file upload-v6.txt (compact mmCIF, C-alpha atoms)
# COMPACT_ATOMS: atom_id res chain seq x y z
CA ASP O 1 2.66 -60.47 34.15
CA GLY O 2 1.44 -57.11 32.86
CA ASP O 3 1.85 -57.92 29.15
CA ILE O 4 -0.78 -56.12 27.05
CA VAL O 5 -0.60 -58.67 24.24
CA GLU O 6 -1.15 -61.62 26.59
CA ILE O 7 -3.99 -59.91 28.45
CA VAL O 8 -5.77 -59.07 25.19
CA ARG O 9 -5.28 -62.64 23.99
CA SER O 10 -6.87 -63.96 27.19
CA LEU O 11 -9.79 -61.54 27.08
CA THR O 12 -10.59 -62.28 23.44
CA SER O 13 -10.34 -66.05 23.77
CA GLU O 14 -13.76 -67.59 23.15
CA GLU O 15 -12.95 -70.33 25.62
CA ARG O 16 -12.56 -67.73 28.38
CA TYR O 17 -14.20 -64.31 28.17
CA GLY O 18 -14.96 -63.75 24.48
CA PHE O 19 -14.31 -59.98 24.38
CA SER O 20 -14.00 -58.40 20.95
CA ILE O 21 -10.54 -56.95 20.31
CA LYS O 22 -11.99 -53.44 20.32
CA LYS O 23 -13.76 -53.92 23.66
CA ALA O 24 -10.67 -55.53 25.17
CA HIS O 25 -8.51 -52.55 24.22
CA MET O 26 -11.11 -50.12 25.55
CA PHE O 27 -11.36 -52.03 28.83
CA LEU O 28 -7.59 -52.09 29.33
CA ARG O 29 -7.42 -48.40 28.41
CA ASP O 30 -9.93 -47.56 31.13
CA MET O 31 -8.04 -49.64 33.68
CA ALA O 32 -4.86 -47.70 32.87
CA ASP O 33 -6.51 -44.27 32.82
CA LEU O 34 -8.19 -44.91 36.17
CA GLY O 35 -4.91 -46.09 37.68
CA VAL O 36 -6.32 -49.54 38.46
CA TRP O 37 -3.76 -51.51 36.45
CA LYS O 38 -0.19 -50.75 35.42
CA TYR O 39 1.25 -52.61 32.46
CA LYS O 40 4.85 -53.71 32.10
CA ARG O 41 5.19 -54.80 28.48
CA ASN O 42 3.79 -53.92 25.05
CA ILE O 43 2.02 -50.79 26.30
CA GLU O 44 2.36 -49.33 22.80
CA LYS O 45 0.11 -52.13 21.50
CA LEU O 46 -2.91 -50.72 23.31
CA ASP O 47 -4.34 -48.90 20.33
CA VAL O 48 -6.71 -46.08 19.55
CA MET O 49 -9.54 -48.14 18.11
CA SER O 50 -10.69 -47.34 14.59
CA ASP O 51 -14.12 -46.03 13.79
CA LYS O 52 -15.40 -43.48 11.31
CA ASN O 53 -14.40 -40.62 13.63
CA THR O 54 -10.81 -41.59 14.46
CA MET O 55 -10.23 -42.56 10.81
CA ARG O 56 -11.63 -39.27 9.53
CA VAL O 57 -9.42 -37.23 11.87
CA SER O 58 -6.31 -39.18 10.88
CA LEU O 59 -7.04 -38.63 7.18
CA ARG O 60 -7.75 -34.92 7.57
CA THR O 61 -4.76 -34.19 9.81
CA GLY O 62 -2.54 -36.07 7.38
CA ILE O 63 -1.03 -38.61 9.77
CA LEU O 64 -2.58 -41.17 7.42
CA GLN O 65 -2.40 -40.38 3.71
CA PHE O 66 -3.49 -42.08 0.50
CA ARG O 67 -2.92 -41.08 -3.09
CA ILE O 68 -6.63 -40.60 -3.83
CA PRO O 69 -9.83 -40.24 -1.75
CA LEU O 70 -11.08 -43.64 -0.65
CA LEU O 71 -13.97 -45.03 -2.68
CA ALA O 72 -15.22 -48.41 -1.53
CA SER O 73 -16.22 -51.00 -4.09
CA TYR O 74 -19.45 -52.92 -3.69
CA LEU O 75 -17.48 -55.91 -4.95
CA ASP O 76 -15.25 -55.72 -1.87
CA VAL O 77 -17.49 -58.09 0.08
CA PHE O 78 -14.70 -58.98 2.49
CA CYS O 79 -14.09 -55.31 3.40
CA SER O 80 -10.41 -55.53 2.47
CA GLN O 81 -10.07 -51.76 2.09
CA TYR O 82 -11.73 -51.03 5.43
CA SER O 83 -9.57 -53.63 7.18
CA MET O 84 -6.42 -52.14 5.68
CA VAL O 85 -7.35 -48.58 6.71
CA ASP O 86 -8.32 -49.83 10.17
CA LYS O 87 -4.86 -51.36 10.63
CA LEU O 88 -3.00 -48.33 9.27
CA ASN O 89 -5.13 -45.95 11.33
CA ARG O 90 -4.23 -47.72 14.56
CA GLU O 91 -0.56 -47.72 13.59
CA ALA O 92 -0.68 -44.00 12.75
CA TRP O 93 -2.12 -42.99 16.11
CA ARG O 94 0.37 -45.28 17.85
CA LYS O 95 3.16 -43.40 16.06
CA VAL O 96 1.71 -40.10 17.27
CA TRP O 97 1.81 -41.43 20.84
CA GLU O 98 5.42 -42.56 20.41
CA GLU O 99 6.50 -39.18 19.02
CA TRP O 100 4.64 -37.45 21.84
CA GLY O 101 6.82 -39.32 24.30
CA ARG O 102 9.97 -37.82 22.78
CA ILE O 103 8.91 -34.33 23.86
CA SER O 104 10.26 -33.35 27.28
CA ASN O 105 7.62 -32.70 29.95
CA SER O 106 4.97 -33.72 27.43
CA HIS O 107 2.43 -35.16 29.88
CA ARG O 108 1.81 -37.99 27.46
CA PRO O 109 -1.11 -40.24 28.49
CA PRO O 110 -0.25 -43.74 29.74
CA THR O 111 -1.25 -45.60 26.56
CA PRO O 112 -2.00 -44.79 22.90
CA ALA O 113 -5.62 -45.78 23.56
CA SER O 114 -5.82 -43.03 26.18
CA MET O 115 -6.01 -40.54 23.30
CA ASP O 116 -9.13 -42.27 22.02
CA TYR O 117 -11.75 -40.13 23.75
CA LEU O 118 -10.33 -36.81 22.53
CA ILE O 119 -9.94 -38.03 18.94
CA PHE O 120 -13.36 -39.69 18.88
CA ARG O 121 -15.16 -36.65 20.27
CA LEU O 122 -13.25 -34.30 17.98
CA GLY O 123 -14.41 -36.30 14.98
CA LYS O 124 -17.96 -36.49 16.26
CA ILE O 125 -18.34 -32.81 17.20
CA ALA O 126 -15.84 -30.62 15.35
CA CYS O 127 -14.81 -32.63 12.30
CA ARG O 128 -17.95 -34.22 10.94
CA PRO O 129 -18.31 -35.55 7.38
CA ASN O 130 -20.09 -32.49 6.00
CA LYS O 131 -19.57 -29.89 8.73
CA ARG O 132 -16.25 -28.69 10.12
CA PHE O 133 -15.42 -26.02 12.66
CA CYS O 134 -12.25 -24.79 11.00
CA PRO O 135 -11.41 -22.08 8.44
CA PRO O 136 -12.85 -21.30 5.95
CA GLU O 137 -15.95 -22.66 7.71
CA LYS O 138 -17.53 -20.81 10.64
CA GLU O 139 -16.40 -21.30 14.21
CA VAL O 140 -18.59 -23.08 16.74
CA THR O 141 -21.30 -20.83 18.13
CA GLU O 142 -21.21 -19.66 21.73
CA LYS O 143 -24.49 -21.44 22.40
CA LYS O 144 -23.17 -24.74 21.06
CA PHE O 145 -19.89 -24.33 22.93
CA GLU O 146 -21.63 -23.65 26.23
CA SER O 147 -23.80 -26.73 25.77
CA LEU O 148 -20.75 -29.01 25.67
CA ILE O 149 -19.44 -30.84 28.70
CA PRO O 150 -16.06 -29.51 29.98
CA GLN O 151 -14.03 -32.32 28.36
CA ASP O 152 -15.53 -31.61 24.95
CA ARG O 153 -14.75 -27.90 25.17
CA LEU O 154 -11.06 -28.85 25.01
CA ILE O 155 -11.65 -29.70 21.35
CA PHE O 156 -11.80 -25.98 20.55
CA ARG O 157 -9.28 -23.17 20.77
CA ASP O 158 -10.01 -19.75 22.26
CA ASP O 159 -11.19 -18.55 18.85
CA ARG O 160 -13.77 -21.39 18.84
CA TYR O 161 -12.12 -23.27 15.99
CA CYS O 162 -11.02 -26.90 16.19
CA ILE O 163 -7.64 -27.43 17.88
CA PHE O 164 -6.33 -29.04 14.66
CA SER O 165 -7.40 -26.14 12.42
CA ASP O 166 -3.81 -25.21 11.60
CA VAL O 167 -2.79 -28.84 11.08
CA CYS O 168 -5.30 -29.93 8.44
CA LYS O 169 -4.46 -28.69 4.95
CA TYR O 170 -7.36 -27.30 2.95
CA GLU O 171 -7.39 -30.12 0.39
CA ARG O 172 -7.58 -32.74 3.16
CA LYS O 173 -10.42 -31.18 5.13
CA ILE O 174 -13.06 -32.91 3.01
CA LEU O 175 -11.66 -36.45 3.33
CA ASN O 176 -13.88 -39.12 4.84
CA SER O 177 -13.28 -42.51 6.38
CA PRO O 178 -14.10 -45.63 4.36
CA LYS O 179 -17.41 -47.40 4.73
CA SER O 180 -17.51 -51.08 5.42
CA ILE O 181 -19.43 -52.48 2.45
CA SER O 182 -21.23 -55.59 3.61
CA ILE O 183 -24.53 -57.43 3.68
CA GLU O 184 -24.29 -57.66 7.46
CA GLY O 185 -23.82 -53.90 7.73
CA ARG O 186 -26.76 -53.40 5.35
CA THR O 187 -24.87 -50.91 3.23
CA GLY O 188 -27.33 -49.76 0.58
CA TRP O 189 -27.53 -47.27 -2.26
CA LYS O 190 -28.50 -44.49 0.13
CA SER O 191 -26.24 -45.24 3.10
CA GLY O 192 -23.34 -45.91 0.75
CA LYS O 193 -23.38 -42.43 -0.76
CA THR O 194 -20.38 -40.20 -0.37
CA ASN O 195 -19.27 -36.70 -1.31
CA GLU O 196 -16.06 -35.51 -2.95
CA GLY O 197 -14.20 -36.52 0.20
CA GLY O 198 -14.66 -40.20 -0.63
CA GLY O 199 -15.27 -42.95 1.86
CA GLY O 200 -18.51 -44.37 0.50
CA GLY O 201 -19.37 -46.58 -2.39
CA ILE O 202 -21.22 -44.13 -4.63
CA SER O 203 -20.32 -40.56 -5.52
CA SER O 204 -23.33 -38.28 -5.05

call {"tool": "encode", "arguments": {"input": "upload-v6.txt", "output": "structure tokens"}}
result
Amino acid sequence: DGDIVEIVRSLTSEERYGFSIKKAHMFLRDMADLGVWKYKRNIEKLDVMSDKNTMRVSLRTGILQFRIPLLASYLDVFCSQYSMVDKLNREAWRKVWEEWGRISNSHRPPTPASMDYLIFRLGKIACRPNKRFCPPEKEVTEKKFESLIPQDRLIFRDDRYCIFSDVCKYERKILNSPKSISIEGRTGWKSGKTNEGGGGGISS
């Protein structure tokens, strides 16, 4: 019946297809973006999925804010902090999508998850943990820019700085996403290191 919530529930049911929630959302996003399926209810529940890139961009742009930089505890074996930030990150990007829809002639994408590619690639290319293409850092070089595929070039303005350069306040530009501290993830003393932007379990 075109209900996002019901479709996700069916896809993630172990008795049926056994998709992870993340993969289910990504699959339904692609079906919407390609015009294969049109949903009737709960479209806003099709989220931008959290990863270190989408979390980092939300923290640095300020759509998701905490009182202090995140510093994961190695005692947090159930990843409570990561789970909380994951939930809030998805809600924050959903709110962005909702606000986008209030702008006339906004050309808003069909679902919140449709923003995922741009945000993910922005975090991966222009807004990395220790390298950012925004003032006071250097702009992306012409050689690097020309090497990008056309979709990824949209991440940068004409002056070769990140499109969010004027959005991110200076004190937020160093913030990092949290690390999931777990035995399964094999988070160790080296991989758990962080800088002043937080996110990891040890301050280096």

call {"tool": "atom_distance", "arguments": {"input": "upload-v6.txt", "atom1": "atom CA of O:Pro178", "atom2": "atom CA of O:Tyr82"}}
result
6.0 Å

call {"tool": "axis_aligned_box", "arguments": {"input": "upload-v6.txt", "around": "stretch 99-102 of chain O", "padding_each_side": "3 Å", "output": "lines of an AutoDock Vina configuration file"}}
result
center_x = 7.3
center_y = -38.4
center_z = 21.7
size_x = 11.3
size_y = 7.9
size_z = 11.3

call {"tool": "residues_around", "arguments": {"input": "upload-v6.txt", "residues": "O:Leu34", "least_positions_apart": "6", "cutoff": "12 Å", "atoms": "all atoms listed in the file", "output": "number ranges by chain"}}
result
O: 27-28, 109-111, 114

call {"tool": "atom_distance", "arguments": {"input": "upload-v6.txt", "atom1": "atom CA of O:Ser147", "atom2": "atom CA of O:Lys173"}}
result
25.0 Å

call {"tool": "residues_around", "arguments": {"input": "upload-v6.txt", "residues": "O:Trp93", "least_positions_apart": "5", "cutoff": "10 Å", "atoms": "only C-alpha atoms", "output": "PDB file with C-alpha atoms, keeping the file's coordinate frame"}}
result
ATOM      1  CA  ASP O  47      -4.340 -48.900  20.330  1.00  0.00           C
ATOM      2  CA  VAL O  48      -6.710 -46.080  19.550  1.00  0.00           C
ATOM      3  CA  MET O  49      -9.540 -48.140  18.110  1.00  0.00           C
ATOM      4  CA  SER O  50     -10.690 -47.340  14.590  1.00  0.00           C
ATOM      5  CA  THR O  54     -10.810 -41.590  14.460  1.00  0.00           C
ATOM      6  CA  MET O  55     -10.230 -42.560  10.810  1.00  0.00           C
ATOM      7  CA  SER O  58      -6.310 -39.180  10.880  1.00  0.00           C
ATOM      8  CA  ILE O  63      -1.030 -38.610   9.770  1.00  0.00           C
ATOM      9  CA  LEU O  64      -2.580 -41.170   7.420  1.00  0.00           C
ATOM     10  CA  LEU O  88      -3.000 -48.330   9.270  1.00  0.00           C
ATOM     11  CA  GLU O  98       5.420 -42.560  20.410  1.00  0.00           C
ATOM     12  CA  GLU O  99       6.500 -39.180  19.020  1.00  0.00           C
ATOM     13  CA  PRO O 112      -2.000 -44.790  22.900  1.00  0.00           C
ATOM     14  CA  ALA O 113      -5.620 -45.780  23.560  1.00  0.00           C
ATOM     15  CA  MET O 115      -6.010 -40.540  23.300  1.00  0.00           C
ATOM     16  CA  ASP O 116      -9.130 -42.270  22.020  1.00  0.00           C
ATOM     17  CA  ILE O 119      -9.940 -38.030  18.940  1.00  0.00           C
TER      18      ILE O 119
END

call {"tool": "closest_residue", "arguments": {"input": "upload-v6.txt", "among": "O:Leu11, O:Leu59, O:Glu91, O:Ala24", "to": "O:Pro129", "atoms": "only C-alpha atoms"}}
result
O:Leu59

call {"tool": "closest_residue", "arguments": {"input": "upload-v6.txt", "among": "O:Asp152, O:Asp166, O:Lys124, O:Asp158", "to": "O:Pro136", "atoms": "all atoms listed in the file"}}
result
O:Asp166

call {"tool": "residues_around", "arguments": {"input": "upload-v6.txt", "residues": "O:Arg132", "least_positions_apart": "3", "cutoff": "10 Å", "atoms": "all atoms listed in the file", "output": "ChimeraX atom specification"}}
result
/O:123,125-129,135-140,161-162,165,173-174

call {"tool": "write_last_selection", "arguments": {"input": "upload-v6.txt", "atoms": "C-alpha atoms", "output": "PDB file, in the frame of the given file"}}
result
ATOM      1  CA  GLY O 123     -14.410 -36.300  14.980  1.00  0.00           C
ATOM      2  CA  ILE O 125     -18.340 -32.810  17.200  1.00  0.00           C
ATOM      3  CA  ALA O 126     -15.840 -30.620  15.350  1.00  0.00           C
ATOM      4  CA  CYS O 127     -14.810 -32.630  12.300  1.00  0.00           C
ATOM      5  CA  ARG O 128     -17.950 -34.220  10.940  1.00  0.00           C
ATOM      6  CA  PRO O 129     -18.310 -35.550   7.380  1.00  0.00           C
ATOM      7  CA  PRO O 135     -11.410 -22.080   8.440  1.00  0.00           C
ATOM      8  CA  PRO O 136     -12.850 -21.300   5.950  1.00  0.00           C
ATOM      9  CA  GLU O 137     -15.950 -22.660   7.710  1.00  0.00           C
ATOM     10  CA  LYS O 138     -17.530 -20.810  10.640  1.00  0.00           C
ATOM     11  CA  GLU O 139     -16.400 -21.300  14.210  1.00  0.00           C
ATOM     12  CA  VAL O 140     -18.590 -23.080  16.740  1.00  0.00           C
ATOM     13  CA  TYR O 161     -12.120 -23.270  15.990  1.00  0.00           C
ATOM     14  CA  CYS O 162     -11.020 -26.900  16.190  1.00  0.00           C
ATOM     15  CA  SER O 165      -7.400 -26.140  12.420  1.00  0.00           C
ATOM     16  CA  LYS O 173     -10.420 -31.180   5.130  1.00  0.00           C
ATOM     17  CA  ILE O 174     -13.060 -32.910   3.010  1.00  0.00           C
TER      18      ILE O 174
END

call {"tool": "closest_residue", "arguments": {"input": "upload-v6.txt", "among": "O:Arg41, O:Arg121, O:Cys134, O:Tyr170", "to": "O:Arg157", "atoms": "all atoms listed in the file"}}
result
O:Cys134

call {"tool": "atom_distance", "arguments": {"input": "upload-v6.txt", "atom1": "atom CA of O:Leu122", "atom2": "atom CA of O:Leu154"}}
result
9.2 Å

call {"tool": "closest_residue", "arguments": {"input": "upload-v6.txt", "among": "O:Ile155, O:Phe145, O:Phe66, O:Asp3", "to": "O:Gln81", "atoms": "all atoms listed in the file"}}
result
O:Phe66

call {"tool": "residues_around", "arguments": {"input": "upload-v6.txt", "residues": "O:Asp51", "least_positions_apart": "5", "cutoff": "9 Å", "atoms": "all atoms listed in the file", "output": "list in words"}}
result
Arg56, Asp86, Phe120 and Ser177 of chain O

call {"tool": "decode", "arguments": {"input": "upload-v6.txt", "residues": "stretch 86-142 of chain O", "atoms": "C-alpha atoms", "output": "PDB file, in the first residue's frame"}}
result
ATOM      1  CA  ASP O  86      22.945   7.753  14.896  1.00  0.00           C
ATOM      2  CA  LYS O  87      19.302   8.336  15.823  1.00  0.00           C
ATOM      3  CA  LEU O  88      19.695  12.098  16.242  1.00  0.00           C
ATOM      4  CA  ASN O  89      21.669  12.375  13.008  1.00  0.00           C
ATOM      5  CA  ARG O  90      18.891  10.738  11.009  1.00  0.00           C
ATOM      6  CA  GLU O  91      16.321  12.991  12.661  1.00  0.00           C
ATOM      7  CA  ALA O  92      18.412  16.091  11.922  1.00  0.00           C
ATOM      8  CA  TRP O  93      18.715  15.362   8.208  1.00  0.00           C
ATOM      9  CA  ARG O  94      15.011  14.517   8.091  1.00  0.00           C
ATOM     10  CA  LYS O  95      14.298  17.968   9.544  1.00  0.00           C
ATOM     11  CA  VAL O  96      16.481  19.544   6.849  1.00  0.00           C
ATOM     12  CA  TRP O  97      14.410  17.747   4.204  1.00  0.00           C
ATOM     13  CA  GLU O  98      11.161  18.934   5.806  1.00  0.00           C
ATOM     14  CA  GLU O  99      12.361  22.548   5.948  1.00  0.00           C
ATOM     15  CA  TRP O 100      13.535  22.285   2.348  1.00  0.00           C
ATOM     16  CA  GLY O 101       9.977  21.448   1.348  1.00  0.00           C
ATOM     17  CA  ARG O 102       8.709  24.735   2.792  1.00  0.00           C
ATOM     18  CA  ILE O 103      10.702  26.708   0.220  1.00  0.00           C
ATOM     19  CA  SER O 104       8.732  27.484  -2.929  1.00  0.00           C
ATOM     20  CA  ASN O 105      10.104  25.950  -6.139  1.00  0.00           C
ATOM     21  CA  SER O 106      12.760  24.225  -4.047  1.00  0.00           C
ATOM     22  CA  HIS O 107      13.205  21.116  -6.216  1.00  0.00           C
ATOM     23  CA  ARG O 108      13.371  19.038  -3.067  1.00  0.00           C
ATOM     24  CA  PRO O 109      14.314  15.385  -3.722  1.00  0.00           C
ATOM     25  CA  PRO O 110      11.561  12.782  -3.279  1.00  0.00           C
ATOM     26  CA  THR O 111      12.775  11.436   0.087  1.00  0.00           C
ATOM     27  CA  PRO O 112      15.168  12.481   2.881  1.00  0.00           C
ATOM     28  CA  ALA O 113      17.371   9.535   1.903  1.00  0.00           C
ATOM     29  CA  SER O 114      17.743  11.047  -1.564  1.00  0.00           C
ATOM     30  CA  MET O 115      20.144  13.577  -0.011  1.00  0.00           C
ATOM     31  CA  ASP O 116      22.371  10.744   1.149  1.00  0.00           C
ATOM     32  CA  TYR O 117      24.771  10.619  -1.796  1.00  0.00           C
ATOM     33  CA  LEU O 118      25.588  14.334  -1.719  1.00  0.00           C
ATOM     34  CA  ILE O 119      26.128  14.376   2.056  1.00  0.00           C
ATOM     35  CA  PHE O 120      28.155  11.158   2.041  1.00  0.00           C
ATOM     36  CA  ARG O 121      30.427  12.294  -0.790  1.00  0.00           C
ATOM     37  CA  LEU O 122      30.837  15.746   0.742  1.00  0.00           C
ATOM     38  CA  GLY O 123      32.046  14.157   3.966  1.00  0.00           C
ATOM     39  CA  LYS O 124      34.314  11.750   2.131  1.00  0.00           C
ATOM     40  CA  ILE O 125      35.906  14.282  -0.233  1.00  0.00           C
ATOM     41  CA  ALA O 126      35.593  17.838   1.085  1.00  0.00           C
ATOM     42  CA  CYS O 127      35.053  17.478   4.825  1.00  0.00           C
ATOM     43  CA  ARG O 128      37.398  14.753   5.998  1.00  0.00           C
ATOM     44  CA  PRO O 129      38.480  14.283   9.631  1.00  0.00           C
ATOM     45  CA  ASN O 130      41.816  16.053   9.278  1.00  0.00           C
ATOM     46  CA  LYS O 131      41.500  17.819   5.921  1.00  0.00           C
ATOM     47  CA  ARG O 132      38.832  20.316   4.915  1.00  0.00           C
ATOM     48  CA  PHE O 133      38.368  22.360   1.762  1.00  0.00           C
ATOM     49  CA  CYS O 134      37.018  25.473   3.442  1.00  0.00           C
ATOM     50  CA  PRO O 135      38.555  28.679   4.841  1.00  0.00           C
ATOM     51  CA  PRO O 136      41.039  29.052   6.448  1.00  0.00           C
ATOM     52  CA  GLU O 137      42.233  25.851   4.752  1.00  0.00           C
ATOM     53  CA  LYS O 138      43.191  25.810   1.072  1.00  0.00           C
ATOM     54  CA  GLU O 139      40.672  25.258  -1.690  1.00  0.00           C
ATOM     55  CA  VAL O 140      40.648  22.047  -3.717  1.00  0.00           C
ATOM     56  CA  THR O 141      43.292  22.053  -6.425  1.00  0.00           C
ATOM     57  CA  GLU O 142      42.343  22.242 -10.079  1.00  0.00           C
TER      58      GLU O 142
END
